[in-house]
$ cat start-v3.txt   # compact mmCIF, N, CA and C atoms
# COMPACT_ATOMS: atom_id res chain seq x y z
N GLN A 1 7.49 18.97 -5.62
CA GLN A 1 7.53 18.33 -4.32
C GLN A 1 7.44 19.36 -3.21
N VAL A 2 6.86 18.92 -2.09
CA VAL A 2 6.83 19.78 -0.90
C VAL A 2 7.89 19.28 0.08
N ASP A 3 8.38 20.20 0.89
CA ASP A 3 9.24 19.84 2.01
C ASP A 3 8.36 19.62 3.24
N LEU A 4 8.66 18.56 3.96
CA LEU A 4 7.89 18.19 5.14
C LEU A 4 8.78 18.21 6.36
N VAL A 5 8.22 18.64 7.49
CA VAL A 5 8.96 18.63 8.74
C VAL A 5 8.07 18.09 9.84
N GLU A 6 8.55 17.04 10.50
CA GLU A 6 7.81 16.45 11.62
C GLU A 6 8.25 17.11 12.92
N SER A 7 7.35 17.10 13.89
CA SER A 7 7.66 17.58 15.23
C SER A 7 6.75 16.89 16.22
N GLY A 8 7.05 17.05 17.51
CA GLY A 8 6.19 16.51 18.54
C GLY A 8 6.70 15.25 19.20
N GLY A 9 7.82 14.74 18.71
CA GLY A 9 8.38 13.54 19.34
C GLY A 9 8.96 13.86 20.70
N GLY A 10 9.33 12.81 21.43
CA GLY A 10 9.91 13.00 22.74
C GLY A 10 9.84 11.73 23.55
N PHE A 11 9.97 11.90 24.86
CA PHE A 11 9.94 10.78 25.79
C PHE A 11 8.57 10.72 26.46
N VAL A 12 8.05 9.52 26.59
CA VAL A 12 6.75 9.33 27.23
C VAL A 12 6.74 7.98 27.91
N GLN A 13 5.99 7.88 28.99
CA GLN A 13 5.86 6.61 29.69
C GLN A 13 4.84 5.72 29.00
N PRO A 14 4.95 4.42 29.19
CA PRO A 14 3.93 3.52 28.63
C PRO A 14 2.54 3.92 29.10
N GLY A 15 1.61 3.87 28.18
CA GLY A 15 0.25 4.30 28.46
C GLY A 15 0.00 5.77 28.17
N GLY A 16 1.06 6.50 27.92
CA GLY A 16 0.92 7.93 27.63
C GLY A 16 0.55 8.22 26.19
N SER A 17 0.47 9.51 25.89
CA SER A 17 0.08 9.95 24.55
C SER A 17 1.05 10.99 24.01
N LEU A 18 1.17 11.02 22.71
CA LEU A 18 1.91 12.07 22.01
C LEU A 18 1.15 12.42 20.75
N ARG A 19 1.32 13.63 20.32
CA ARG A 19 0.71 14.08 19.06
C ARG A 19 1.83 14.58 18.16
N LEU A 20 2.06 13.87 17.09
CA LEU A 20 3.07 14.27 16.13
C LEU A 20 2.45 15.17 15.07
N SER A 21 3.22 16.12 14.63
CA SER A 21 2.77 17.04 13.58
C SER A 21 3.68 16.92 12.36
N CYS A 22 3.10 17.14 11.21
CA CYS A 22 3.84 17.15 9.95
C CYS A 22 3.42 18.41 9.20
N ALA A 23 4.36 19.33 9.02
CA ALA A 23 4.07 20.59 8.36
C ALA A 23 4.70 20.60 6.97
N ALA A 24 3.91 21.02 6.00
CA ALA A 24 4.39 21.12 4.61
C ALA A 24 4.64 22.58 4.25
N ASP A 25 5.62 22.81 3.41
CA ASP A 25 5.92 24.19 3.02
C ASP A 25 5.14 24.61 1.78
N GLY A 26 4.27 23.74 1.30
CA GLY A 26 3.43 24.05 0.16
C GLY A 26 2.13 23.28 0.24
N SER A 27 1.32 23.44 -0.77
CA SER A 27 0.02 22.79 -0.77
C SER A 27 0.15 21.27 -0.80
N ILE A 28 -0.70 20.61 -0.01
CA ILE A 28 -0.74 19.15 -0.02
C ILE A 28 -2.03 18.63 -0.63
N SER A 29 -2.85 19.53 -1.14
CA SER A 29 -4.15 19.11 -1.67
C SER A 29 -4.00 18.22 -2.90
N GLY A 30 -2.88 18.34 -3.59
CA GLY A 30 -2.65 17.51 -4.76
C GLY A 30 -2.05 16.16 -4.44
N TYR A 31 -1.85 15.90 -3.19
CA TYR A 31 -1.24 14.64 -2.76
C TYR A 31 -2.35 13.71 -2.27
N ASP A 32 -2.55 12.63 -3.02
CA ASP A 32 -3.62 11.70 -2.69
C ASP A 32 -3.50 11.17 -1.27
N LEU A 33 -2.30 10.85 -0.90
CA LEU A 33 -2.09 10.18 0.38
C LEU A 33 -1.08 10.93 1.23
N ILE A 34 -1.38 11.02 2.51
CA ILE A 34 -0.40 11.38 3.52
C ILE A 34 -0.19 10.13 4.36
N ARG A 35 1.05 9.74 4.51
CA ARG A 35 1.37 8.54 5.28
C ARG A 35 2.33 8.85 6.41
N TRP A 36 2.18 8.10 7.47
CA TRP A 36 3.15 8.11 8.56
C TRP A 36 3.82 6.73 8.61
N TYR A 37 5.13 6.76 8.72
CA TYR A 37 5.93 5.56 8.84
C TYR A 37 6.74 5.65 10.13
N ARG A 38 7.30 4.53 10.51
CA ARG A 38 8.24 4.53 11.62
C ARG A 38 9.32 3.49 11.37
N GLN A 39 10.46 3.75 11.99
CA GLN A 39 11.56 2.79 11.91
C GLN A 39 12.22 2.69 13.27
N ALA A 40 12.15 1.50 13.82
CA ALA A 40 12.80 1.22 15.10
C ALA A 40 14.21 0.74 14.84
N PRO A 41 15.11 0.88 15.81
CA PRO A 41 16.50 0.44 15.61
C PRO A 41 16.57 -1.02 15.19
N GLY A 42 17.28 -1.28 14.12
CA GLY A 42 17.47 -2.64 13.66
C GLY A 42 16.27 -3.24 12.95
N LYS A 43 15.23 -2.46 12.73
CA LYS A 43 14.02 -2.98 12.08
C LYS A 43 13.74 -2.25 10.78
N GLN A 44 12.89 -2.87 9.98
CA GLN A 44 12.53 -2.27 8.70
C GLN A 44 11.54 -1.14 8.89
N LEU A 45 11.48 -0.29 7.90
CA LEU A 45 10.50 0.78 7.89
C LEU A 45 9.10 0.19 7.89
N GLU A 46 8.25 0.71 8.73
CA GLU A 46 6.88 0.20 8.85
C GLU A 46 5.89 1.33 8.56
N ARG A 47 4.94 1.05 7.69
CA ARG A 47 3.89 2.04 7.45
C ARG A 47 2.88 1.95 8.58
N VAL A 48 2.66 3.05 9.24
CA VAL A 48 1.83 3.09 10.44
C VAL A 48 0.39 3.47 10.11
N ALA A 49 0.22 4.51 9.32
CA ALA A 49 -1.12 5.01 9.04
C ALA A 49 -1.09 5.82 7.75
N GLU A 50 -2.24 5.92 7.11
CA GLU A 50 -2.37 6.76 5.93
C GLU A 50 -3.76 7.36 5.88
N ILE A 51 -3.85 8.49 5.18
CA ILE A 51 -5.13 9.16 5.03
C ILE A 51 -5.20 9.72 3.61
N THR A 52 -6.33 9.52 2.97
CA THR A 52 -6.53 10.02 1.61
C THR A 52 -7.03 11.46 1.65
N ASN A 53 -7.12 12.05 0.48
CA ASN A 53 -7.64 13.41 0.38
C ASN A 53 -9.10 13.48 0.83
N SER A 54 -9.81 12.39 0.66
CA SER A 54 -11.23 12.36 1.07
C SER A 54 -11.40 12.00 2.53
N GLY A 55 -10.28 11.72 3.21
CA GLY A 55 -10.37 11.44 4.64
C GLY A 55 -10.44 9.97 5.01
N ARG A 56 -10.35 9.11 4.02
CA ARG A 56 -10.36 7.68 4.33
C ARG A 56 -9.02 7.30 4.96
N THR A 57 -9.08 6.52 6.03
CA THR A 57 -7.88 6.17 6.77
C THR A 57 -7.61 4.67 6.77
N ASN A 58 -6.37 4.34 7.01
CA ASN A 58 -5.96 2.94 7.10
C ASN A 58 -4.81 2.88 8.10
N TYR A 59 -4.82 1.83 8.94
CA TYR A 59 -3.82 1.71 9.99
C TYR A 59 -3.16 0.34 9.97
N ALA A 60 -1.93 0.30 10.43
CA ALA A 60 -1.28 -0.98 10.66
C ALA A 60 -1.97 -1.66 11.84
N ASP A 61 -2.01 -2.98 11.81
CA ASP A 61 -2.66 -3.72 12.89
C ASP A 61 -2.05 -3.37 14.25
N SER A 62 -0.76 -3.09 14.26
CA SER A 62 -0.06 -2.84 15.51
C SER A 62 -0.50 -1.54 16.21
N VAL A 63 -1.14 -0.63 15.46
CA VAL A 63 -1.55 0.64 16.05
C VAL A 63 -3.04 0.88 15.97
N GLU A 64 -3.76 -0.03 15.33
CA GLU A 64 -5.21 0.12 15.18
C GLU A 64 -5.85 0.36 16.54
N ALA A 65 -6.76 1.30 16.60
CA ALA A 65 -7.52 1.66 17.80
C ALA A 65 -6.69 2.46 18.81
N ARG A 66 -5.42 2.68 18.54
CA ARG A 66 -4.60 3.51 19.44
C ARG A 66 -4.15 4.80 18.78
N PHE A 67 -3.91 4.76 17.47
CA PHE A 67 -3.41 5.92 16.75
C PHE A 67 -4.52 6.50 15.86
N ILE A 68 -4.47 7.80 15.66
CA ILE A 68 -5.41 8.47 14.76
C ILE A 68 -4.62 9.40 13.85
N ILE A 69 -4.84 9.27 12.55
CA ILE A 69 -4.19 10.14 11.58
C ILE A 69 -5.18 11.19 11.11
N LEU A 70 -4.68 12.41 10.98
CA LEU A 70 -5.50 13.53 10.55
C LEU A 70 -4.75 14.34 9.50
N ARG A 71 -5.50 15.06 8.69
CA ARG A 71 -4.87 16.00 7.76
C ARG A 71 -5.77 17.20 7.59
N ASP A 72 -5.16 18.33 7.33
CA ASP A 72 -5.89 19.55 7.04
C ASP A 72 -5.18 20.22 5.88
N ASN A 73 -5.74 20.11 4.70
CA ASN A 73 -5.07 20.66 3.52
C ASN A 73 -4.93 22.18 3.61
N ALA A 74 -5.91 22.85 4.18
CA ALA A 74 -5.84 24.31 4.28
C ALA A 74 -4.67 24.76 5.15
N GLN A 75 -4.40 23.99 6.19
CA GLN A 75 -3.29 24.32 7.08
C GLN A 75 -1.99 23.68 6.62
N ARG A 76 -2.05 22.86 5.58
CA ARG A 76 -0.86 22.15 5.08
C ARG A 76 -0.25 21.28 6.17
N MET A 77 -1.10 20.59 6.90
CA MET A 77 -0.66 19.83 8.06
C MET A 77 -1.24 18.42 8.08
N SER A 78 -0.50 17.53 8.71
CA SER A 78 -1.01 16.23 9.10
C SER A 78 -0.57 15.99 10.54
N TRP A 79 -1.36 15.18 11.23
CA TRP A 79 -1.03 14.86 12.62
C TRP A 79 -1.20 13.36 12.83
N LEU A 80 -0.44 12.86 13.78
CA LEU A 80 -0.60 11.48 14.20
C LEU A 80 -0.79 11.50 15.71
N GLN A 81 -2.02 11.29 16.14
CA GLN A 81 -2.33 11.23 17.56
C GLN A 81 -2.07 9.80 18.04
N MET A 82 -1.18 9.66 18.99
CA MET A 82 -0.77 8.34 19.46
C MET A 82 -1.16 8.19 20.92
N ASN A 83 -2.03 7.23 21.20
CA ASN A 83 -2.53 6.99 22.55
C ASN A 83 -2.10 5.62 23.04
N ASN A 84 -2.14 5.46 24.35
CA ASN A 84 -1.79 4.17 24.95
C ASN A 84 -0.48 3.64 24.39
N LEU A 85 0.53 4.48 24.43
CA LEU A 85 1.81 4.11 23.82
C LEU A 85 2.47 2.97 24.56
N LYS A 86 3.18 2.16 23.79
CA LYS A 86 3.87 0.99 24.31
C LYS A 86 5.36 1.10 24.00
N PRO A 87 6.19 0.41 24.75
CA PRO A 87 7.63 0.48 24.46
C PRO A 87 7.96 0.10 23.01
N GLU A 88 7.19 -0.80 22.44
CA GLU A 88 7.46 -1.20 21.06
C GLU A 88 7.07 -0.14 20.04
N ASP A 89 6.48 0.96 20.50
CA ASP A 89 6.22 2.09 19.60
C ASP A 89 7.44 3.00 19.47
N THR A 90 8.48 2.74 20.24
CA THR A 90 9.70 3.53 20.15
C THR A 90 10.30 3.41 18.76
N ALA A 91 10.51 4.56 18.13
CA ALA A 91 10.99 4.58 16.74
C ALA A 91 11.18 6.02 16.30
N VAL A 92 11.78 6.18 15.14
CA VAL A 92 11.75 7.46 14.45
C VAL A 92 10.53 7.45 13.54
N TYR A 93 9.72 8.49 13.65
CA TYR A 93 8.49 8.59 12.88
C TYR A 93 8.66 9.60 11.75
N PHE A 94 8.21 9.19 10.57
CA PHE A 94 8.33 10.01 9.37
C PHE A 94 6.96 10.24 8.76
N CYS A 95 6.75 11.40 8.19
CA CYS A 95 5.56 11.60 7.36
C CYS A 95 5.98 11.66 5.90
N SER A 96 5.06 11.29 5.05
CA SER A 96 5.32 11.26 3.61
C SER A 96 4.07 11.71 2.88
N ALA A 97 4.26 12.52 1.84
CA ALA A 97 3.17 12.96 0.99
C ALA A 97 3.32 12.28 -0.36
N VAL A 98 2.30 11.54 -0.77
CA VAL A 98 2.36 10.72 -1.97
C VAL A 98 1.50 11.34 -3.07
N PRO A 99 2.11 11.79 -4.16
CA PRO A 99 1.33 12.36 -5.26
C PRO A 99 0.70 11.24 -6.09
N PRO A 100 -0.27 11.58 -6.94
CA PRO A 100 -0.88 10.54 -7.80
C PRO A 100 0.14 9.80 -8.65
N ASP A 101 1.14 10.52 -9.10
CA ASP A 101 2.25 9.89 -9.79
C ASP A 101 3.49 10.69 -9.47
N GLY A 102 4.61 10.06 -9.46
CA GLY A 102 5.82 10.78 -9.10
C GLY A 102 6.39 10.31 -7.78
N ILE A 103 7.35 11.06 -7.31
CA ILE A 103 8.13 10.65 -6.15
C ILE A 103 7.54 11.23 -4.87
N PRO A 104 7.32 10.40 -3.85
CA PRO A 104 6.81 10.92 -2.58
C PRO A 104 7.80 11.86 -1.92
N SER A 105 7.27 12.80 -1.16
CA SER A 105 8.09 13.67 -0.33
C SER A 105 8.18 13.08 1.08
N TRP A 106 9.33 13.29 1.72
CA TRP A 106 9.56 12.76 3.06
C TRP A 106 10.08 13.85 3.98
N GLY A 107 9.73 13.75 5.25
CA GLY A 107 10.33 14.59 6.26
C GLY A 107 11.54 13.90 6.86
N PRO A 108 12.31 14.61 7.67
CA PRO A 108 13.52 14.04 8.28
C PRO A 108 13.24 13.13 9.45
N GLY A 109 12.02 13.18 10.00
CA GLY A 109 11.66 12.30 11.10
C GLY A 109 11.74 12.96 12.45
N THR A 110 11.02 12.34 13.39
CA THR A 110 11.04 12.79 14.79
C THR A 110 11.09 11.55 15.68
N GLN A 111 11.91 11.61 16.71
CA GLN A 111 12.15 10.44 17.57
C GLN A 111 11.08 10.35 18.66
N VAL A 112 10.56 9.15 18.82
CA VAL A 112 9.61 8.86 19.90
C VAL A 112 10.22 7.75 20.76
N ASN A 113 10.28 8.02 22.05
CA ASN A 113 10.80 7.03 22.99
C ASN A 113 9.75 6.74 24.06
N VAL A 114 9.39 5.48 24.19
CA VAL A 114 8.39 5.07 25.18
C VAL A 114 9.08 4.13 26.17
N SER A 115 9.23 4.61 27.37
CA SER A 115 9.87 3.78 28.39
C SER A 115 9.48 4.28 29.77
N ALA A 116 9.59 3.36 30.73
CA ALA A 116 9.27 3.71 32.12
C ALA A 116 10.47 4.37 32.77
$ encode --input "start-v3.txt" --output "structure tokens"
Amino acid sequence: QVDLVESGGGFVQPGGSLRLSCAADGSISGYDLIRWYRQAPGKQLERVAEITNSGRTNYADSVEARFIILRDNAQRMSWLQMNNLKPEDTAVYFCSAVPPDGIPSWGPGTQVNVSA
């Protein structure tokens, strides 16, 4: 397993942008999927976006056309570019690396707050 650490969270006004980063302490090339999740207070964990090793992406309907997920295996990084943020995007955001079989790795999360 790799250790993951998210960064880039913070406070932003509605309509603003943030770029979250997920850094791995080891190679992620063996991980089929990199996923970003979020959890808002009192709500269930929601899968926001995922990207395969080949670069195929998938997004939750709630963020489609606003968020972009990226990965760079050479840099051991993933990013979540979040545009046109809304108050309902407020949550703790987590990245996860999913191997072909076995237990996914998770980061501790980074807080995003969207408010005027």
$ residues_around --input "start-v3.txt" --residues "segment 72-86 of chain A" --least-positions-apart "6" --cutoff "8 Å" --atoms "only C-alpha atoms" --output "list in words"
Val12, Gln13, Pro14, Gly15, Gly16, Ser17, Leu18, Arg19, Leu20, Ser21, Cys22, Ala23, Ala24, Asp25, Gly26, Ser27, Ile28, Ser29, Ile34, Trp36, Arg66, Val114 and Ser115 of chain A
$ atom_distance --input "start-v3.txt" --atom1 "atom CA of Ala49 of chain A" --atom2 "atom CA of Val92 of chain A"
14.2 Å
$ atom_distance --input "start-v3.txt" --atom1 "atom CA of Ile103 of chain A" --atom2 "atom CA of Ile69 of chain A"
21.6 Å
$ atom_distance --input "start-v3.txt" --atom1 "atom C of Val112 of chain A" --atom2 "atom CA of Asp32 of chain A"
27.5 Å
$ select_by_dssp --input "start-v3.txt" --residues "chain A" --states "strand (DSSP E)" --output "PyMOL selection string"
chain A and resi 4-7+10-12+18-24+33-39+46-52+57-59+67-72+77-82+91-98+105-106+110-114
$ residues_around --input "start-v3.txt" --residues "segment 94-102 of chain A" --least-positions-apart "3" --cutoff "5 Å" --atoms "all atoms listed in the file" --output "list in words"
Tyr31, Asp32, Leu33, Ile34, Arg35, Trp36, Tyr37, Arg38, Ser105, Trp106, Gly107 and Gly109 of chain A
$ write_last_selection --input "start-v3.txt" --atoms "N, CA and C atoms" --output "CSV table (one decimal), keeping the file's coordinate frame"
chain,number,residue,atom,x,y,z
A,31,TYR,N,-1.8,15.9,-3.2
A,31,TYR,CA,-1.2,14.6,-2.8
A,31,TYR,C,-2.4,13.7,-2.3
A,32,ASP,N,-2.6,12.6,-3.0
A,32,ASP,CA,-3.6,11.7,-2.7
A,32,ASP,C,-3.5,11.2,-1.3
A,33,LEU,N,-2.3,10.8,-0.9
A,33,LEU,CA,-2.1,10.2,0.4
A,33,LEU,C,-1.1,10.9,1.2
A,34,ILE,N,-1.4,11.0,2.5
A,34,ILE,CA,-0.4,11.4,3.5
A,34,ILE,C,-0.2,10.1,4.4
A,35,ARG,N,1.0,9.7,4.5
A,35,ARG,CA,1.4,8.5,5.3
A,35,ARG,C,2.3,8.8,6.4
A,36,TRP,N,2.2,8.1,7.5
A,36,TRP,CA,3.2,8.1,8.6
A,36,TRP,C,3.8,6.7,8.6
A,37,TYR,N,5.1,6.8,8.7
A,37,TYR,CA,5.9,5.6,8.8
A,37,TYR,C,6.7,5.6,10.1
A,38,ARG,N,7.3,4.5,10.5
A,38,ARG,CA,8.2,4.5,11.6
A,38,ARG,C,9.3,3.5,11.4
A,105,SER,N,7.3,12.8,-1.2
A,105,SER,CA,8.1,13.7,-0.3
A,105,SER,C,8.2,13.1,1.1
A,106,TRP,N,9.3,13.3,1.7
A,106,TRP,CA,9.6,12.8,3.1
A,106,TRP,C,10.1,13.8,4.0
A,107,GLY,N,9.7,13.8,5.2
A,107,GLY,CA,10.3,14.6,6.3
A,107,GLY,C,11.5,13.9,6.9
A,109,GLY,N,12.0,13.2,10.0
A,109,GLY,CA,11.7,12.3,11.1
A,109,GLY,C,11.7,13.0,12.4
